[in-house]
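Before any comments, here is the structure.
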Amino acid sequence: MRRALALAGEGGLADEVPVGAVVVAPDGEGFEAHNRTRELADPTAHAEIVALRLAAAAAGDWRLEGHTLYVTLEPCAMCAGAIVIARLERVVYGAPDPKAGMCGSLANIVQDPRLNHRVKLEGGVLAEEAGEILRLFFRERR
């Protein structure tokens, strides 16, 4: 999670919403990203999606069984859906997102029993640090 926090800071310096993500493969290899939506003019370029794409390319498969995602902010609906589709084993996130979070705040897509895959979930890891990065970013823009 510390690496994801550093990536979030890098994203903020690039004028992206400061969210960082690291997908860790079963062998320990990490695939890291920060938000790139503005840079790429791509609404799907959230940190989680970019990191998932890197991990899938390295694995040569869209199924990322046994992988863990560390992300500084609770994933949104799009990212939560991608997490389920990718068959991640586990998600660890920092700050909850009461406005868009879909891993417990507004709903819990990644553990919905109606879906074909459920993910182990741990929230609130280094939540204060993750939240502070976001608060400072948005405070500077107001």
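Residue numbering restarts at 1 for every chain of the structure tokens, chains are lettered A, B, ... in their displayed order, and ligands are numbered from 1 as they appear.
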
Legend entry - All residues 12 Å or closer to Leu5 (chain A), only C-alpha atoms, same chain fewer than 3 positions away omitted, as number ranges by chain: A: 1-2, 8-12, 18-22, 32-34, 47, 70-73, 93-95, 125-134

Inset, instruction - Report the residues of region 63-113 of chain A whose backbone DSSP state falls under strand (DSSP E or B), written as a list in words. - result: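 Strand (DSSP E or B) members of region 63-113 of chain A, listed: Thr68, Leu69, Tyr70, Val71, Thr72, Leu73, Arg90, Val91, Val92, Tyr93, Gly94, Ala95, Cys103 and Asn108 of chain A.
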
Store the residues of this selection in a file with N, CA and C atoms, as an mmCIF file, in the first residue's frame.
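See result_25.cif below for the written result:
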data_model
loop_
_atom_site.group_PDB
_atom_site.id
_atom_site.type_symbol
_atom_site.label_atom_id
_atom_site.label_comp_id
_atom_site.auth_asym_id
_atom_site.auth_seq_id
_atom_site.Cartn_x
_atom_site.Cartn_y
_atom_site.Cartn_z
ATOM 1 N N THR A 68 -3.373 -9.908 -6.172
ATOM 2 C CA THR A 68 -3.929 -8.967 -5.201
ATOM 3 C C THR A 68 -3.772 -7.548 -5.731
ATOM 4 N N LEU A 69 -4.821 -6.760 -5.583
ATOM 5 C CA LEU A 69 -4.793 -5.340 -5.950
ATOM 6 C C LEU A 69 -4.724 -4.504 -4.684
ATOM 7 N N TYR A 70 -3.736 -3.624 -4.627
ATOM 8 C CA TYR A 70 -3.633 -2.613 -3.572
ATOM 9 C C TYR A 70 -3.959 -1.282 -4.227
ATOM 10 N N VAL A 71 -4.931 -0.555 -3.700
ATOM 11 C CA VAL A 71 -5.338 0.715 -4.301
ATOM 12 C C VAL A 71 -5.669 1.701 -3.188
ATOM 13 N N THR A 72 -5.329 2.960 -3.410
ATOM 14 C CA THR A 72 -5.450 3.957 -2.349
ATOM 15 C C THR A 72 -6.874 4.413 -2.082
ATOM 16 N N LEU A 73 -7.775 4.212 -3.035
ATOM 17 C CA LEU A 73 -9.160 4.643 -2.883
ATOM 18 C C LEU A 73 -10.077 3.481 -3.225
ATOM 19 N N ARG A 90 -7.906 -10.920 -4.329
ATOM 20 C CA ARG A 90 -8.024 -10.035 -3.159
ATOM 21 C C ARG A 90 -7.862 -8.587 -3.568
ATOM 22 N N VAL A 91 -8.582 -7.707 -2.865
ATOM 23 C CA VAL A 91 -8.439 -6.263 -3.020
ATOM 24 C C VAL A 91 -8.205 -5.669 -1.639
ATOM 25 N N VAL A 92 -7.196 -4.815 -1.553
ATOM 26 C CA VAL A 92 -6.893 -4.071 -0.338
ATOM 27 C C VAL A 92 -6.945 -2.600 -0.728
ATOM 28 N N TYR A 93 -7.824 -1.829 -0.074
ATOM 29 C CA TYR A 93 -7.900 -0.411 -0.416
ATOM 30 C C TYR A 93 -7.713 0.467 0.809
ATOM 31 N N GLY A 94 -7.342 1.709 0.533
ATOM 32 C CA GLY A 94 -7.087 2.679 1.587
ATOM 33 C C GLY A 94 -8.346 3.398 2.022
ATOM 34 N N ALA A 95 -8.593 4.559 1.443
ATOM 35 C CA ALA A 95 -9.708 5.408 1.850
ATOM 36 C C ALA A 95 -11.025 4.916 1.270
ATOM 37 N N CYS A 103 -17.121 -1.067 -3.180
ATOM 38 C CA CYS A 103 -16.576 -2.210 -2.445
ATOM 39 C C CYS A 103 -17.009 -2.115 -0.986
ATOM 40 N N ASN A 108 -21.504 -3.419 -2.893
ATOM 41 C CA ASN A 108 -20.309 -4.252 -2.807
ATOM 42 C C ASN A 108 -20.297 -5.211 -3.990
#

Inset, instruction - Quick one: pull the distance between CA of Asp61 (chain A) and CA of Asp27 (chain A), Å, one decimal. - result: 15.3 Å

Legend entry - Surrounding residues of Asp15 (chain A) excluding itself and chain neighbours under 5 positions, 10 Å, only C-alpha atoms, as a PyMOL selection string: chain A and resi 9-10+35-39+137+141

Output all heavy atoms for every residue in the selection just made, as a PDB file, in the first residue's frame.
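File out.pdb, as written:
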ATOM      1  N   GLY A   9       0.675  10.017  -5.260  1.00  0.00           N
ATOM      2  CA  GLY A   9       1.351  11.309  -5.236  1.00  0.00           C
ATOM      3  C   GLY A   9       1.897  11.691  -6.595  1.00  0.00           C
ATOM      4  O   GLY A   9       1.785  12.850  -7.017  1.00  0.00           O
ATOM      5  N   GLU A  10       2.468  10.730  -7.313  1.00  0.00           N
ATOM      6  CA  GLU A  10       2.963  10.994  -8.669  1.00  0.00           C
ATOM      7  C   GLU A  10       1.817  11.417  -9.587  1.00  0.00           C
ATOM      8  O   GLU A  10       1.970  12.333 -10.399  1.00  0.00           O
ATOM      9  CB  GLU A  10       3.648   9.747  -9.236  1.00  0.00           C
ATOM     10  CG  GLU A  10       4.943   9.383  -8.558  1.00  0.00           C
ATOM     11  CD  GLU A  10       5.518   8.063  -9.048  1.00  0.00           C
ATOM     12  OE1 GLU A  10       5.173   7.622 -10.165  1.00  0.00           O
ATOM     13  OE2 GLU A  10       6.315   7.468  -8.295  1.00  0.00           O
ATOM     14  N   ASN A  35      -3.740   7.120 -11.758  1.00  0.00           N
ATOM     15  CA  ASN A  35      -4.764   7.562 -12.709  1.00  0.00           C
ATOM     16  C   ASN A  35      -4.106   8.241 -13.899  1.00  0.00           C
ATOM     17  O   ASN A  35      -3.132   8.992 -13.743  1.00  0.00           O
ATOM     18  CB  ASN A  35      -5.722   8.551 -12.042  1.00  0.00           C
ATOM     19  CG  ASN A  35      -6.835   7.870 -11.297  1.00  0.00           C
ATOM     20  OD1 ASN A  35      -6.979   6.658 -11.311  1.00  0.00           O
ATOM     21  ND2 ASN A  35      -7.656   8.668 -10.620  1.00  0.00           N
ATOM     22  N   ARG A  36      -4.648   7.995 -15.091  1.00  0.00           N
ATOM     23  CA  ARG A  36      -4.117   8.615 -16.315  1.00  0.00           C
ATOM     24  C   ARG A  36      -5.256   9.109 -17.212  1.00  0.00           C
ATOM     25  O   ARG A  36      -5.101   9.223 -18.411  1.00  0.00           O
ATOM     26  CB  ARG A  36      -3.236   7.612 -17.063  1.00  0.00           C
ATOM     27  CG  ARG A  36      -2.003   7.209 -16.236  1.00  0.00           C
ATOM     28  CD  ARG A  36      -1.128   6.221 -16.940  1.00  0.00           C
ATOM     29  NE  ARG A  36      -0.577   6.825 -18.142  1.00  0.00           N
ATOM     30  CZ  ARG A  36      -0.019   6.121 -19.126  1.00  0.00           C
ATOM     31  NH1 ARG A  36       0.057   4.805 -19.051  1.00  0.00           N
ATOM     32  NH2 ARG A  36       0.463   6.724 -20.199  1.00  0.00           N
ATOM     33  N   THR A  37      -6.406   9.377 -16.623  1.00  0.00           N
ATOM     34  CA  THR A  37      -7.576   9.764 -17.413  1.00  0.00           C
ATOM     35  C   THR A  37      -7.356  11.052 -18.195  1.00  0.00           C
ATOM     36  O   THR A  37      -7.747  11.138 -19.365  1.00  0.00           O
ATOM     37  CB  THR A  37      -8.829   9.904 -16.528  1.00  0.00           C
ATOM     38  OG1 THR A  37      -8.564  10.825 -15.482  1.00  0.00           O
ATOM     39  CG2 THR A  37      -9.230   8.565 -15.942  1.00  0.00           C
ATOM     40  N   ARG A  38      -6.742  12.027 -17.583  1.00  0.00           N
ATOM     41  CA  ARG A  38      -6.494  13.304 -18.283  1.00  0.00           C
ATOM     42  C   ARG A  38      -5.395  13.153 -19.317  1.00  0.00           C
ATOM     43  O   ARG A  38      -5.520  13.613 -20.445  1.00  0.00           O
ATOM     44  CB  ARG A  38      -6.132  14.395 -17.285  1.00  0.00           C
ATOM     45  CG  ARG A  38      -7.288  14.751 -16.392  1.00  0.00           C
ATOM     46  CD  ARG A  38      -6.913  15.755 -15.345  1.00  0.00           C
ATOM     47  NE  ARG A  38      -8.054  15.885 -14.448  1.00  0.00           N
ATOM     48  CZ  ARG A  38      -8.299  16.939 -13.736  1.00  0.00           C
ATOM     49  NH1 ARG A  38      -7.487  17.977 -13.774  1.00  0.00           N
ATOM     50  NH2 ARG A  38      -9.347  16.983 -12.950  1.00  0.00           N
ATOM     51  N   GLU A  39      -4.318  12.513 -18.923  1.00  0.00           N
ATOM     52  CA  GLU A  39      -3.176  12.321 -19.827  1.00  0.00           C
ATOM     53  C   GLU A  39      -3.585  11.599 -21.107  1.00  0.00           C
ATOM     54  O   GLU A  39      -3.189  11.988 -22.210  1.00  0.00           O
ATOM     55  CB  GLU A  39      -2.089  11.517 -19.118  1.00  0.00           C
ATOM     56  CG  GLU A  39      -0.933  11.115 -20.009  1.00  0.00           C
ATOM     57  CD  GLU A  39      -0.028  10.068 -19.376  1.00  0.00           C
ATOM     58  OE1 GLU A  39      -0.144   9.795 -18.168  1.00  0.00           O
ATOM     59  OE2 GLU A  39       0.811   9.522 -20.106  1.00  0.00           O
ATOM     60  N   PHE A 137      -5.150  17.492  -2.660  1.00  0.00           N
ATOM     61  CA  PHE A 137      -5.279  17.685  -4.108  1.00  0.00           C
ATOM     62  C   PHE A 137      -6.496  18.558  -4.429  1.00  0.00           C
ATOM     63  O   PHE A 137      -6.388  19.541  -5.187  1.00  0.00           O
ATOM     64  CB  PHE A 137      -5.385  16.336  -4.804  1.00  0.00           C
ATOM     65  CG  PHE A 137      -5.593  16.415  -6.290  1.00  0.00           C
ATOM     66  CD1 PHE A 137      -4.520  16.607  -7.148  1.00  0.00           C
ATOM     67  CD2 PHE A 137      -6.862  16.297  -6.842  1.00  0.00           C
ATOM     68  CE1 PHE A 137      -4.704  16.664  -8.520  1.00  0.00           C
ATOM     69  CE2 PHE A 137      -7.062  16.347  -8.204  1.00  0.00           C
ATOM     70  CZ  PHE A 137      -5.977  16.539  -9.040  1.00  0.00           C
ATOM     71  N   ARG A 141      -7.246  22.866  -5.678  1.00  0.00           N
ATOM     72  CA  ARG A 141      -7.964  23.203  -6.900  1.00  0.00           C
ATOM     73  C   ARG A 141      -9.167  24.082  -6.659  1.00  0.00           C
ATOM     74  O   ARG A 141      -9.787  24.541  -7.590  1.00  0.00           O
ATOM     75  CB  ARG A 141      -8.391  21.917  -7.621  1.00  0.00           C
ATOM     76  CG  ARG A 141      -7.258  21.456  -8.512  1.00  0.00           C
ATOM     77  CD  ARG A 141      -7.067  19.984  -8.506  1.00  0.00           C
ATOM     78  NE  ARG A 141      -5.802  19.631  -9.158  1.00  0.00           N
ATOM     79  CZ  ARG A 141      -4.624  19.684  -8.590  1.00  0.00           C
ATOM     80  NH1 ARG A 141      -4.492  20.086  -7.363  1.00  0.00           N
ATOM     81  NH2 ARG A 141      -3.544  19.339  -9.241  1.00  0.00           N
TER      82      ARG A 141
END

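Compared by their closest atoms to Glu89 (chain A), and using only C-alpha atoms, the residues A:Gly104, A:Arg135, A:Trp62, A:Arg118 rank with A:Arg118 nearest.
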
Inset, instruction - Would you mind writing down, as a PyMOL selection string, each residue of chain A that DSSP on the backbone assigns to helix (DSSP H, G or I)? - result: chain A and resi 2-13+37-40+47-59+77-86+109-111+127-141

Inset, instruction - May I have the residues within 9 Å of His117 (chain A) as number ranges by chain, using only C-alpha atoms and disregarding those fewer than 3 positions away in the same chain? - result: A: 84-85, 87-88, 110-114

Write a file of the just-selected residues containing N, CA and C atoms, as a tab-separated table (two decimals), in the first residue's frame.
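Listing of again25.tsv after writing:
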chain	number	residue	atom	x	y	z
A	84	VAL	N	-13.86	-8.12	-10.69
A	84	VAL	CA	-14.61	-9.39	-10.70
A	84	VAL	C	-14.32	-10.15	-11.99
A	85	ILE	N	-14.39	-9.47	-13.12
A	85	ILE	CA	-14.17	-10.12	-14.41
A	85	ILE	C	-12.76	-10.71	-14.48
A	87	ARG	N	-11.10	-11.87	-12.10
A	87	ARG	CA	-11.00	-12.95	-11.12
A	87	ARG	C	-9.86	-12.74	-10.11
A	88	LEU	N	-9.64	-11.48	-9.73
A	88	LEU	CA	-8.64	-11.22	-8.70
A	88	LEU	C	-8.99	-11.98	-7.43
A	110	VAL	N	-17.79	-6.46	-5.64
A	110	VAL	CA	-16.77	-7.51	-5.65
A	110	VAL	C	-17.12	-8.71	-4.78
A	111	GLN	N	-18.15	-8.57	-3.95
A	111	GLN	CA	-18.57	-9.71	-3.12
A	111	GLN	C	-20.05	-10.04	-3.32
A	112	ASP	N	-20.64	-9.56	-4.39
A	112	ASP	CA	-22.05	-9.80	-4.66
A	112	ASP	C	-22.27	-11.29	-4.96
A	113	PRO	N	-23.09	-11.97	-4.18
A	113	PRO	CA	-23.28	-13.41	-4.37
A	113	PRO	C	-23.97	-13.77	-5.68
A	114	ARG	N	-24.55	-12.81	-6.37
A	114	ARG	CA	-25.20	-13.09	-7.65
A	114	ARG	C	-24.19	-13.21	-8.79

Inset, instruction - Calculate how many Å separate CA of Arg139 (chain A) from CA of Val23 (chain A), rounding to one decimal. - result: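 Result for CA of Arg139 (chain A) versus CA of Val23 (chain A): 28.9 Å, one decimal.
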
Inset, instruction - Excluding Ile49 (chain A) and residues on its chain fewer than 2 positions from it, collect all residues at most 9 Å away from it, counting only C-alpha atoms, and give them as a PyMOL selection string. - result: chain A and resi 21+33+35+44-47+51-54+78-79+82-83

Legend entry - Atomic distance CA of Gly28 (chain A) - CA of Glu16 (chain A), expressed in Å with one decimal: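 Straight-line distance from CA of Gly28 (chain A) to CA of Glu16 (chain A) works out to 27.4 Å.
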